[in-house]
$ cat input-v5.pdb   # PDB, C-alpha atoms and all ligand atoms
MODEL        1
ATOM      1  CA  MET A  16     -24.405 -23.635 -63.506  1.00  0.00           C
ATOM      2  CA  THR A  17     -23.291 -20.351 -65.051  1.00  0.00           C
ATOM      3  CA  GLY A  18     -20.596 -18.980 -67.316  1.00  0.00           C
ATOM      4  CA  PHE A  19     -17.157 -20.472 -67.006  1.00  0.00           C
ATOM      5  CA  ALA A  20     -18.119 -24.021 -66.075  1.00  0.00           C
ATOM      6  CA  ARG A  21     -19.997 -24.534 -69.315  1.00  0.00           C
ATOM      7  CA  HIS A  22     -16.720 -24.766 -71.250  1.00  0.00           C
ATOM      8  CA  VAL A  23     -14.709 -26.772 -68.749  1.00  0.00           C
ATOM      9  CA  PRO A  24     -15.789 -29.895 -66.876  1.00  0.00           C
ATOM     10  CA  GLU A  25     -13.295 -29.528 -63.983  1.00  0.00           C
ATOM     11  CA  ALA A  26     -14.589 -26.010 -63.347  1.00  0.00           C
ATOM     12  CA  ARG A  27     -17.755 -27.549 -61.923  1.00  0.00           C
ATOM     13  CA  GLY A  28     -15.902 -29.032 -58.975  1.00  0.00           C
ATOM     14  CA  LEU A  29     -17.015 -31.658 -56.478  1.00  0.00           C
ATOM     15  CA  GLY A  30     -17.617 -31.592 -52.727  1.00  0.00           C
ATOM     16  CA  MET A  31     -15.403 -28.858 -51.267  1.00  0.00           C
ATOM     17  CA  THR A  32     -14.988 -27.310 -54.729  1.00  0.00           C
ATOM     18  CA  SER A  33     -18.616 -27.577 -55.836  1.00  0.00           C
ATOM     19  CA  GLN A  34     -21.125 -24.867 -56.640  1.00  0.00           C
ATOM     20  CA  ARG A  35     -22.451 -25.237 -53.083  1.00  0.00           C
ATOM     21  CA  ALA A  36     -19.036 -24.309 -51.710  1.00  0.00           C
ATOM     22  CA  ARG A  37     -18.986 -21.218 -53.948  1.00  0.00           C
ATOM     23  CA  ASP A  38     -22.517 -20.303 -52.832  1.00  0.00           C
ATOM     24  CA  ARG A  39     -21.499 -20.560 -49.177  1.00  0.00           C
ATOM     25  CA  LEU A  40     -18.478 -18.327 -49.779  1.00  0.00           C
ATOM     26  CA  VAL A  41     -20.729 -15.727 -51.405  1.00  0.00           C
ATOM     27  CA  GLU A  42     -23.159 -15.876 -48.464  1.00  0.00           C
ATOM     28  CA  ARG A  43     -20.286 -15.269 -46.112  1.00  0.00           C
ATOM     29  CA  LEU A  44     -18.938 -12.343 -48.161  1.00  0.00           C
ATOM     30  CA  ALA A  45     -22.417 -10.778 -48.176  1.00  0.00           C
ATOM     31  CA  GLU A  46     -22.684 -11.208 -44.393  1.00  0.00           C
ATOM     32  CA  ASP A  47     -19.267  -9.596 -44.049  1.00  0.00           C
ATOM     33  CA  GLY A  48     -20.423  -6.472 -45.872  1.00  0.00           C
ATOM     34  CA  ILE A  49     -19.858  -7.043 -49.590  1.00  0.00           C
ATOM     35  CA  ALA A  50     -23.014  -5.537 -51.077  1.00  0.00           C
ATOM     36  CA  ASP A  51     -22.444  -5.245 -54.838  1.00  0.00           C
ATOM     37  CA  ARG A  52     -24.483  -8.006 -56.529  1.00  0.00           C
ATOM     38  CA  ARG A  53     -22.353  -7.794 -59.673  1.00  0.00           C
ATOM     39  CA  VAL A  54     -19.241  -8.695 -57.693  1.00  0.00           C
ATOM     40  CA  LEU A  55     -20.950 -11.445 -55.693  1.00  0.00           C
ATOM     41  CA  ASP A  56     -22.376 -12.982 -58.873  1.00  0.00           C
ATOM     42  CA  VAL A  57     -18.951 -13.197 -60.517  1.00  0.00           C
ATOM     43  CA  ILE A  58     -17.420 -14.790 -57.420  1.00  0.00           C
ATOM     44  CA  ARG A  59     -20.303 -17.260 -57.392  1.00  0.00           C
ATOM     45  CA  SER A  60     -19.564 -18.345 -60.953  1.00  0.00           C
ATOM     46  CA  LEU A  61     -15.741 -18.265 -61.022  1.00  0.00           C
ATOM     47  CA  PRO A  62     -13.976 -21.554 -60.168  1.00  0.00           C
ATOM     48  CA  ARG A  63     -11.344 -20.253 -57.691  1.00  0.00           C
ATOM     49  CA  HIS A  64     -10.196 -23.844 -57.110  1.00  0.00           C
ATOM     50  CA  LEU A  65      -8.571 -23.828 -60.566  1.00  0.00           C
ATOM     51  CA  PHE A  66      -6.464 -20.780 -59.616  1.00  0.00           C
ATOM     52  CA  VAL A  67      -4.739 -22.503 -56.664  1.00  0.00           C
ATOM     53  CA  ASP A  68      -2.484 -25.520 -56.454  1.00  0.00           C
ATOM     54  CA  GLU A  69      -4.384 -28.795 -56.830  1.00  0.00           C
ATOM     55  CA  ALA A  70      -3.300 -29.820 -53.324  1.00  0.00           C
ATOM     56  CA  LEU A  71      -5.056 -26.729 -51.920  1.00  0.00           C
ATOM     57  CA  ALA A  72      -8.181 -26.921 -54.094  1.00  0.00           C
ATOM     58  CA  THR A  73     -10.373 -28.091 -51.205  1.00  0.00           C
ATOM     59  CA  ARG A  74      -9.531 -24.851 -49.351  1.00  0.00           C
ATOM     60  CA  ALA A  75     -10.266 -22.601 -52.335  1.00  0.00           C
ATOM     61  CA  TYR A  76     -13.669 -21.480 -51.010  1.00  0.00           C
ATOM     62  CA  GLU A  77     -12.476 -20.570 -47.542  1.00  0.00           C
ATOM     63  CA  ASP A  78     -12.186 -16.813 -47.161  1.00  0.00           C
ATOM     64  CA  THR A  79      -8.420 -16.896 -46.968  1.00  0.00           C
ATOM     65  CA  ALA A  80      -5.306 -16.084 -48.990  1.00  0.00           C
ATOM     66  CA  LEU A  81      -3.458 -19.177 -50.264  1.00  0.00           C
ATOM     67  CA  PRO A  82       0.043 -19.776 -51.653  1.00  0.00           C
ATOM     68  CA  ILE A  83       0.375 -19.945 -55.458  1.00  0.00           C
ATOM     69  CA  GLY A  84       4.106 -20.713 -55.620  1.00  0.00           C
ATOM     70  CA  GLN A  85       7.142 -18.425 -56.059  1.00  0.00           C
ATOM     71  CA  GLY A  86       6.458 -17.024 -52.556  1.00  0.00           C
ATOM     72  CA  GLN A  87       3.270 -15.328 -53.792  1.00  0.00           C
ATOM     73  CA  THR A  88      -0.376 -15.646 -52.759  1.00  0.00           C
ATOM     74  CA  ILE A  89      -3.836 -15.495 -54.277  1.00  0.00           C
ATOM     75  CA  SER A  90      -5.632 -12.747 -52.355  1.00  0.00           C
ATOM     76  CA  GLN A  91      -8.349 -13.494 -49.817  1.00  0.00           C
ATOM     77  CA  PRO A  92     -11.796 -13.512 -51.534  1.00  0.00           C
ATOM     78  CA  HIS A  93     -13.050 -10.752 -49.231  1.00  0.00           C
ATOM     79  CA  VAL A  94     -10.186  -8.515 -50.307  1.00  0.00           C
ATOM     80  CA  VAL A  95     -10.740  -9.292 -54.001  1.00  0.00           C
ATOM     81  CA  ALA A  96     -14.428  -8.474 -53.565  1.00  0.00           C
ATOM     82  CA  ARG A  97     -13.749  -5.278 -51.608  1.00  0.00           C
ATOM     83  CA  MET A  98     -11.177  -3.998 -54.102  1.00  0.00           C
ATOM     84  CA  THR A  99     -13.410  -4.799 -57.067  1.00  0.00           C
ATOM     85  CA  GLU A 100     -16.362  -3.094 -55.396  1.00  0.00           C
ATOM     86  CA  ALA A 101     -14.260  -0.016 -54.650  1.00  0.00           C
ATOM     87  CA  LEU A 102     -13.047   0.109 -58.240  1.00  0.00           C
ATOM     88  CA  ILE A 103     -16.498   0.017 -59.873  1.00  0.00           C
ATOM     89  CA  GLU A 104     -18.545   1.904 -57.261  1.00  0.00           C
ATOM     90  CA  HIS A 105     -18.489   5.253 -59.099  1.00  0.00           C
ATOM     91  CA  GLY A 106     -19.292   3.739 -62.500  1.00  0.00           C
ATOM     92  CA  LEU A 107     -18.189   0.664 -64.358  1.00  0.00           C
ATOM     93  CA  PRO A 108     -14.778   1.317 -65.942  1.00  0.00           C
ATOM     94  CA  LYS A 109     -14.211   0.150 -69.529  1.00  0.00           C
ATOM     95  CA  ARG A 110     -10.461  -0.444 -69.490  1.00  0.00           C
ATOM     96  CA  VAL A 111      -8.694  -1.591 -66.329  1.00  0.00           C
ATOM     97  CA  LEU A 112      -4.980  -2.015 -65.619  1.00  0.00           C
ATOM     98  CA  GLU A 113      -3.967  -4.570 -62.979  1.00  0.00           C
ATOM     99  CA  ILE A 114      -0.479  -4.718 -61.477  1.00  0.00           C
ATOM    100  CA  GLY A 115       0.360  -8.192 -60.109  1.00  0.00           C
ATOM    101  CA  THR A 116      -1.434 -10.886 -62.129  1.00  0.00           C
ATOM    102  CA  GLY A 117      -0.410 -13.650 -59.699  1.00  0.00           C
ATOM    103  CA  SER A 118      -2.864 -16.526 -60.101  1.00  0.00           C
ATOM    104  CA  GLY A 119      -5.045 -14.478 -62.454  1.00  0.00           C
ATOM    105  CA  TYR A 120      -8.097 -14.692 -60.161  1.00  0.00           C
ATOM    106  CA  GLN A 121      -8.576 -10.963 -59.515  1.00  0.00           C
ATOM    107  CA  CYS A 122      -8.005 -10.374 -63.217  1.00  0.00           C
ATOM    108  CA  ALA A 123     -10.673 -12.945 -64.143  1.00  0.00           C
ATOM    109  CA  VAL A 124     -13.154 -11.294 -61.750  1.00  0.00           C
ATOM    110  CA  LEU A 125     -12.542  -7.953 -63.449  1.00  0.00           C
ATOM    111  CA  ALA A 126     -12.664  -9.449 -66.938  1.00  0.00           C
ATOM    112  CA  ALA A 127     -16.206 -10.657 -66.244  1.00  0.00           C
ATOM    113  CA  LEU A 128     -17.276  -7.106 -65.376  1.00  0.00           C
ATOM    114  CA  VAL A 129     -15.462  -4.741 -67.740  1.00  0.00           C
ATOM    115  CA  GLU A 130     -14.598  -4.531 -71.440  1.00  0.00           C
ATOM    116  CA  LYS A 131     -10.870  -5.089 -71.241  1.00  0.00           C
ATOM    117  CA  VAL A 132      -8.261  -5.860 -68.598  1.00  0.00           C
ATOM    118  CA  TYR A 133      -4.530  -5.230 -69.001  1.00  0.00           C
ATOM    119  CA  THR A 134      -2.463  -7.117 -66.438  1.00  0.00           C
ATOM    120  CA  VAL A 135       1.261  -7.037 -65.662  1.00  0.00           C
ATOM    121  CA  GLU A 136       3.234  -9.667 -63.711  1.00  0.00           C
ATOM    122  CA  ARG A 137       6.968  -9.714 -62.930  1.00  0.00           C
ATOM    123  CA  ILE A 138       7.247 -13.523 -62.424  1.00  0.00           C
ATOM    124  CA  GLU A 139       7.085 -15.273 -65.770  1.00  0.00           C
ATOM    125  CA  GLU A 140       5.968 -18.677 -64.502  1.00  0.00           C
ATOM    126  CA  LEU A 141       2.941 -17.218 -62.709  1.00  0.00           C
ATOM    127  CA  LEU A 142       2.008 -15.311 -65.832  1.00  0.00           C
ATOM    128  CA  ARG A 143       2.255 -18.470 -67.930  1.00  0.00           C
ATOM    129  CA  ASN A 144      -0.116 -20.324 -65.576  1.00  0.00           C
ATOM    130  CA  ALA A 145      -2.571 -17.443 -65.517  1.00  0.00           C
ATOM    131  CA  ARG A 146      -2.612 -17.214 -69.327  1.00  0.00           C
ATOM    132  CA  ARG A 147      -3.266 -20.950 -69.570  1.00  0.00           C
ATOM    133  CA  LEU A 148      -6.256 -20.581 -67.229  1.00  0.00           C
ATOM    134  CA  PHE A 149      -7.673 -17.602 -69.130  1.00  0.00           C
ATOM    135  CA  ARG A 150      -7.570 -19.668 -72.324  1.00  0.00           C
ATOM    136  CA  LYS A 151      -9.141 -22.659 -70.608  1.00  0.00           C
ATOM    137  CA  LEU A 152     -11.983 -20.600 -69.164  1.00  0.00           C
ATOM    138  CA  GLY A 153     -12.617 -18.775 -72.437  1.00  0.00           C
ATOM    139  CA  ILE A 154     -11.590 -15.399 -70.998  1.00  0.00           C
ATOM    140  CA  ALA A 155     -10.670 -13.467 -74.136  1.00  0.00           C
ATOM    141  CA  ASN A 156     -10.695  -9.807 -73.039  1.00  0.00           C
ATOM    142  CA  VAL A 157      -7.389  -9.837 -71.133  1.00  0.00           C
ATOM    143  CA  ARG A 158      -4.010  -8.635 -72.366  1.00  0.00           C
ATOM    144  CA  SER A 159      -1.062  -9.568 -70.203  1.00  0.00           C
ATOM    145  CA  ARG A 160       2.638  -8.848 -70.127  1.00  0.00           C
ATOM    146  CA  HIS A 161       5.747  -9.850 -68.276  1.00  0.00           C
ATOM    147  CA  ASP A 162       7.242  -6.632 -66.904  1.00  0.00           C
ATOM    148  CA  ASP A 163       7.820  -4.428 -63.875  1.00  0.00           C
ATOM    149  CA  GLY A 164       4.294  -3.204 -63.248  1.00  0.00           C
ATOM    150  CA  ARG A 165       5.489  -0.145 -61.329  1.00  0.00           C
ATOM    151  CA  LEU A 166       5.940   1.381 -64.776  1.00  0.00           C
ATOM    152  CA  GLY A 167       2.332   0.640 -65.726  1.00  0.00           C
ATOM    153  CA  TRP A 168       1.471   0.060 -69.393  1.00  0.00           C
ATOM    154  CA  PRO A 169       2.222   3.454 -71.002  1.00  0.00           C
ATOM    155  CA  ASP A 170       1.502   2.383 -74.598  1.00  0.00           C
ATOM    156  CA  ASP A 171      -2.158   1.657 -73.820  1.00  0.00           C
ATOM    157  CA  ALA A 172      -2.761   4.372 -71.190  1.00  0.00           C
ATOM    158  CA  PRO A 173      -4.904   6.047 -70.004  1.00  0.00           C
ATOM    159  CA  PHE A 174      -6.994   3.526 -68.049  1.00  0.00           C
ATOM    160  CA  ASP A 175     -10.391   4.140 -66.447  1.00  0.00           C
ATOM    161  CA  ALA A 176      -9.263   2.203 -63.405  1.00  0.00           C
ATOM    162  CA  ILE A 177      -6.006   0.813 -62.019  1.00  0.00           C
ATOM    163  CA  ILE A 178      -5.737  -1.894 -59.368  1.00  0.00           C
ATOM    164  CA  VAL A 179      -2.455  -2.793 -57.684  1.00  0.00           C
ATOM    165  CA  THR A 180      -2.401  -6.164 -55.899  1.00  0.00           C
ATOM    166  CA  ALA A 181       1.008  -5.902 -54.193  1.00  0.00           C
ATOM    167  CA  ALA A 182       1.999  -3.299 -51.595  1.00  0.00           C
ATOM    168  CA  GLY A 183       4.487  -0.506 -52.294  1.00  0.00           C
ATOM    169  CA  ALA A 184       5.737   2.202 -49.924  1.00  0.00           C
ATOM    170  CA  GLU A 185       3.659   4.738 -51.835  1.00  0.00           C
ATOM    171  CA  VAL A 186       1.449   4.798 -54.917  1.00  0.00           C
ATOM    172  CA  GLU A 187       3.645   4.957 -58.007  1.00  0.00           C
ATOM    173  CA  GLN A 188       3.504   8.336 -59.783  1.00  0.00           C
ATOM    174  CA  ALA A 189       3.854   6.499 -63.115  1.00  0.00           C
ATOM    175  CA  LEU A 190       0.546   4.741 -62.404  1.00  0.00           C
ATOM    176  CA  LEU A 191      -1.304   7.919 -61.382  1.00  0.00           C
ATOM    177  CA  ALA A 192      -0.069   9.465 -64.630  1.00  0.00           C
ATOM    178  CA  GLN A 193      -1.760   6.638 -66.566  1.00  0.00           C
ATOM    179  CA  LEU A 194      -5.167   7.137 -64.956  1.00  0.00           C
ATOM    180  CA  ALA A 195      -7.933   8.699 -67.092  1.00  0.00           C
ATOM    181  CA  PRO A 196      -9.320  12.052 -65.819  1.00  0.00           C
ATOM    182  CA  HIS A 197     -12.248  10.535 -63.895  1.00  0.00           C
ATOM    183  CA  GLY A 198     -10.468   7.295 -63.133  1.00  0.00           C
ATOM    184  CA  THR A 199     -10.109   5.355 -59.903  1.00  0.00           C
ATOM    185  CA  LEU A 200      -6.988   3.690 -58.530  1.00  0.00           C
ATOM    186  CA  VAL A 201      -7.054   1.145 -55.721  1.00  0.00           C
ATOM    187  CA  ALA A 202      -3.794   0.021 -54.114  1.00  0.00           C
ATOM    188  CA  PRO A 203      -2.407  -1.296 -50.824  1.00  0.00           C
ATOM    189  CA  VAL A 204       0.315   0.950 -49.442  1.00  0.00           C
ATOM    190  CA  GLY A 205       2.750   0.609 -46.560  1.00  0.00           C
ATOM    191  CA  PRO A 206       5.213  -1.815 -44.959  1.00  0.00           C
ATOM    192  CA  ALA A 207       4.330  -5.425 -44.032  1.00  0.00           C
ATOM    193  CA  GLY A 208       1.991  -5.489 -41.046  1.00  0.00           C
ATOM    194  CA  ARG A 209       0.898  -1.858 -41.506  1.00  0.00           C
ATOM    195  CA  GLN A 210      -0.669  -1.728 -44.943  1.00  0.00           C
ATOM    196  CA  THR A 211      -3.670   0.412 -45.818  1.00  0.00           C
ATOM    197  CA  LEU A 212      -5.888  -0.062 -48.824  1.00  0.00           C
ATOM    198  CA  LEU A 213      -6.143   3.296 -50.606  1.00  0.00           C
ATOM    199  CA  ARG A 214      -8.577   4.541 -53.201  1.00  0.00           C
ATOM    200  CA  ILE A 215      -7.389   7.541 -55.164  1.00  0.00           C
ATOM    201  CA  ARG A 216      -9.513   9.658 -57.510  1.00  0.00           C
ATOM    202  CA  ALA A 217      -8.947  13.030 -59.139  1.00  0.00           C
ATOM    203  CA  GLY A 218     -10.665  15.884 -57.272  1.00  0.00           C
ATOM    204  CA  GLU A 219     -11.156  19.602 -58.080  1.00  0.00           C
ATOM    205  CA  ASP A 220      -7.696  20.460 -56.786  1.00  0.00           C
ATOM    206  CA  GLY A 221      -5.538  17.389 -56.824  1.00  0.00           C
ATOM    207  CA  TRP A 222      -5.883  13.769 -55.810  1.00  0.00           C
ATOM    208  CA  VAL A 223      -8.445  12.660 -53.254  1.00  0.00           C
ATOM    209  CA  ARG A 224      -7.162   9.785 -51.117  1.00  0.00           C
ATOM    210  CA  GLU A 225      -9.513   7.596 -49.166  1.00  0.00           C
ATOM    211  CA  SER A 226      -8.534   4.831 -46.776  1.00  0.00           C
ATOM    212  CA  LEU A 227     -10.516   1.591 -47.113  1.00  0.00           C
ATOM    213  CA  GLY A 228      -9.010  -0.226 -44.144  1.00  0.00           C
ATOM    214  CA  LEU A 229      -6.091  -2.441 -43.220  1.00  0.00           C
ATOM    215  CA  VAL A 230      -4.885  -5.215 -45.530  1.00  0.00           C
ATOM    216  CA  SER A 231      -2.008  -7.645 -45.902  1.00  0.00           C
ATOM    217  CA  PHE A 232      -0.357  -8.052 -49.313  1.00  0.00           C
ATOM    218  CA  VAL A 233       2.951  -9.367 -50.630  1.00  0.00           C
ATOM    219  CA  PRO A 234       5.399  -6.554 -51.472  1.00  0.00           C
ATOM    220  CA  LEU A 235       5.553  -4.756 -54.811  1.00  0.00           C
ATOM    221  CA  LEU A 236       9.071  -5.553 -56.003  1.00  0.00           C
ATOM    222  CA  GLY A 237      11.298  -3.933 -58.594  1.00  0.00           C
ATOM    223  CA  GLY A 238      12.443  -5.488 -61.862  1.00  0.00           C
ATOM    224  CA  VAL A 239      11.312  -8.784 -63.338  1.00  0.00           C
ATOM    225  CA  GLY A 240      11.652 -12.205 -61.698  1.00  0.00           C
TER
HETATM  226  N1  LIG A 301      -3.965 -10.438 -58.193  1.00  0.00           N
HETATM  227  C1  LIG A 301      -3.302 -11.630 -57.759  1.00  0.00           C
HETATM  228  C2  LIG A 301      -2.568 -11.405 -56.449  1.00  0.00           C
HETATM  229  C3  LIG A 301      -1.215 -12.013 -56.506  1.00  0.00           C
HETATM  230  S1  LIG A 301      -0.061 -11.519 -55.267  1.00  0.00           S
HETATM  231  C4  LIG A 301      -4.274 -12.814 -57.667  1.00  0.00           C
HETATM  232  O1  LIG A 301      -5.485 -12.609 -57.796  1.00  0.00           O
HETATM  233  O2  LIG A 301      -3.827 -13.947 -57.506  1.00  0.00           O
HETATM  234  C5  LIG A 301       0.747 -10.156 -56.027  1.00  0.00           C
HETATM  235  C6  LIG A 301       1.488 -10.411 -57.303  1.00  0.00           C
HETATM  236  O3  LIG A 301       2.171  -9.188 -57.628  1.00  0.00           O
HETATM  237  C7  LIG A 301       2.570 -11.486 -57.238  1.00  0.00           C
HETATM  238  O4  LIG A 301       2.323 -12.450 -58.236  1.00  0.00           O
HETATM  239  C8  LIG A 301       3.860 -10.726 -57.506  1.00  0.00           C
HETATM  240  O5  LIG A 301       4.806 -11.475 -58.269  1.00  0.00           O
HETATM  241  C9  LIG A 301       3.370  -9.528 -58.286  1.00  0.00           C
HETATM  242  N2  LIG A 301       4.266  -8.373 -58.278  1.00  0.00           N
HETATM  243  C10 LIG A 301       5.000  -7.873 -57.251  1.00  0.00           C
HETATM  244  N3  LIG A 301       5.678  -6.790 -57.661  1.00  0.00           N
HETATM  245  C11 LIG A 301       5.364  -6.595 -58.981  1.00  0.00           C
HETATM  246  C12 LIG A 301       5.760  -5.648 -59.963  1.00  0.00           C
HETATM  247  N4  LIG A 301       6.635  -4.660 -59.701  1.00  0.00           N
HETATM  248  N5  LIG A 301       5.244  -5.760 -61.205  1.00  0.00           N
HETATM  249  C13 LIG A 301       4.368  -6.750 -61.511  1.00  0.00           C
HETATM  250  N6  LIG A 301       3.966  -7.674 -60.634  1.00  0.00           N
HETATM  251  C14 LIG A 301       4.454  -7.597 -59.367  1.00  0.00           C
ENDMDL
END
$ encode --input "input-v5.pdb" --output "structure tokens"
Amino acid sequence: MTGFARHVPEARGLGMTSQRARDRLVERLAEDGIADRRVLDVIRSLPRHLFVDEALATRAYEDTALPIGQGQTISQPHVVARMTEALIEHGLPKRVLEIGTGSGYQCAVLAALVEKVYTVERIEELLRNARRLFRKLGIANVRSRHDDGRLGWPDDAPFDAIIVTAAGAEVEQALLAQLAPHGTLVAPVGPAGRQTLLRIRAGEDGWVRESLGLVSFVPLLGGVG
């Protein structure tokens, strides 16, 4: 048993939440095209069942999005894996900004891979739960704040990578402005039912946009909840 479970007995899980369930999820992700061992290894060790409601814990290792309260969802493991892979493919970033902390799962995946993660959430109660989990799991390289993430985190910019986990109509200019010169941004863009996952990097003359396929995210909303 690796990493997180050493500190916390309930992270080990039983039956549907056991290490075997995590291993099976990782096998499935690999079969479905996730190739980066670093990403698969983190997903194998991270107790996703602690990031969902206790009543849904037995479904935590299905490859599906699940409700986390407040009308929000924890992203599907395949999407978390794909976005993480896309973010680190051209070199491991040191400092990453995440917009949409939600359950904290995507943030915890990133925190296991990079030096520091900054995460912003507009719904205070979700942020409180996520912070509690980070403490419990001994995740100490995350800074989080309750704010409208469309504004980014200007005081600590620039970031080597930015990941947005809620869909806006377009990528926020404020976020692109906070990306380091060779940085990578990954974000879902578009209206419900027609969202595309975009990866944006700086090219010789302007931004290079790459489509990584269709996705389904909750909307990026204005203001704080
Ligand atoms: N990364 C999360 C996904 C949560 S769903 C996870 O792994 O669980 C997306 C989250 O984005 C929701 O919690 C929602 O409240 C939040 N969100 C939506 N608009 C936002 C905004 N403008 N600023 C910050 N967070 C936002």
$ atom_distance --input "input-v5.pdb" --atom1 "atom CA of A:Leu102" --atom2 "atom CA of A:Val57"
14.7 Å
$ axis_aligned_box --input "input-v5.pdb" --around "ligand LIG 301 (chain A)" --padding-each-side "5 Å" --output "AutoDock Vina command-line options"
--center_x 0.6 --center_y -9.3 --center_z -58.4 --size_x 22.1 --size_y 19.3 --size_z 16.2
$ residues_near_ligand --input "input-v5.pdb" --ligand "ligand LIG 301 (chain A)" --cutoff "8 Å" --atoms "only C-alpha atoms and all ligand atoms" --output "JSON, numbers by chain"
{"A": [66, 83, 85, 87, 88, 89, 90, 95, 113, 114, 115, 116, 117, 118, 119, 120, 121, 122, 135, 136, 137, 138, 141, 161, 162, 163, 164, 165, 166, 179, 180, 181, 182, 232, 233, 234, 235, 236, 237, 238, 239, 240]}
$ residues_around --input "input-v5.pdb" --residues "A:Arg216" --least-positions-apart "5" --cutoff "10 Å" --atoms "all atoms listed in the file" --output "PyMOL selection string"
chain A and resi 176+191+194-201+221-225
$ resolve_selection --input "input-v5.pdb" --expression "the PyMOL selection byres (((chain A and resi 50) around 12) and not hetatm)" --output "PyMOL selection string"
chain A and resi 41-49+51-56+93+96-97+99-101+104
$ write_last_selection --input "input-v5.pdb" --atoms "C-alpha atoms" --output "compact mmCIF listing (two decimals), in the frame of the given file"
# COMPACT_ATOMS: atom_id res chain seq x y z
CA VAL A 41 -20.73 -15.73 -51.40
CA GLU A 42 -23.16 -15.88 -48.46
CA ARG A 43 -20.29 -15.27 -46.11
CA LEU A 44 -18.94 -12.34 -48.16
CA ALA A 45 -22.42 -10.78 -48.18
CA GLU A 46 -22.68 -11.21 -44.39
CA ASP A 47 -19.27 -9.60 -44.05
CA GLY A 48 -20.42 -6.47 -45.87
CA ILE A 49 -19.86 -7.04 -49.59
CA ASP A 51 -22.44 -5.24 -54.84
CA ARG A 52 -24.48 -8.01 -56.53
CA ARG A 53 -22.35 -7.79 -59.67
CA VAL A 54 -19.24 -8.70 -57.69
CA LEU A 55 -20.95 -11.44 -55.69
CA ASP A 56 -22.38 -12.98 -58.87
CA HIS A 93 -13.05 -10.75 -49.23
CA ALA A 96 -14.43 -8.47 -53.56
CA ARG A 97 -13.75 -5.28 -51.61
CA THR A 99 -13.41 -4.80 -57.07
CA GLU A 100 -16.36 -3.09 -55.40
CA ALA A 101 -14.26 -0.02 -54.65
CA GLU A 104 -18.55 1.90 -57.26
$ resolve_selection --input "input-v5.pdb" --expression "the PyMOL selection byres (((chain A and resi 36) around 12) and not hetatm)" --output "PyMOL selection string"
chain A and resi 27-35+37-43+58-64+72-78
$ closest_residue --input "input-v5.pdb" --among "A:Gln91, A:Arg110, A:Leu190, A:Pro203" --to "A:Arg158" --atoms "only C-alpha atoms"
A:Arg110
$ resolve_selection --input "input-v5.pdb" --expression "the PyMOL selection byres (((chain A and resi 229) around 12) and not hetatm)" --output "VMD selection string"
chain A and resid 94 97 182 202 to 213 226 to 228 230 to 232
$ closest_residue --input "input-v5.pdb" --among "A:Gly153, A:Leu65, A:Leu128, A:Asp220" --to "A:Arg21" --atoms "all atoms listed in the file"
A:Gly153
$ closest_residue --input "input-v5.pdb" --among "A:Leu152, A:Ala70, A:Val186, A:Ala123" --to "A:Ala26" --atoms "all atoms listed in the file"
A:Leu152
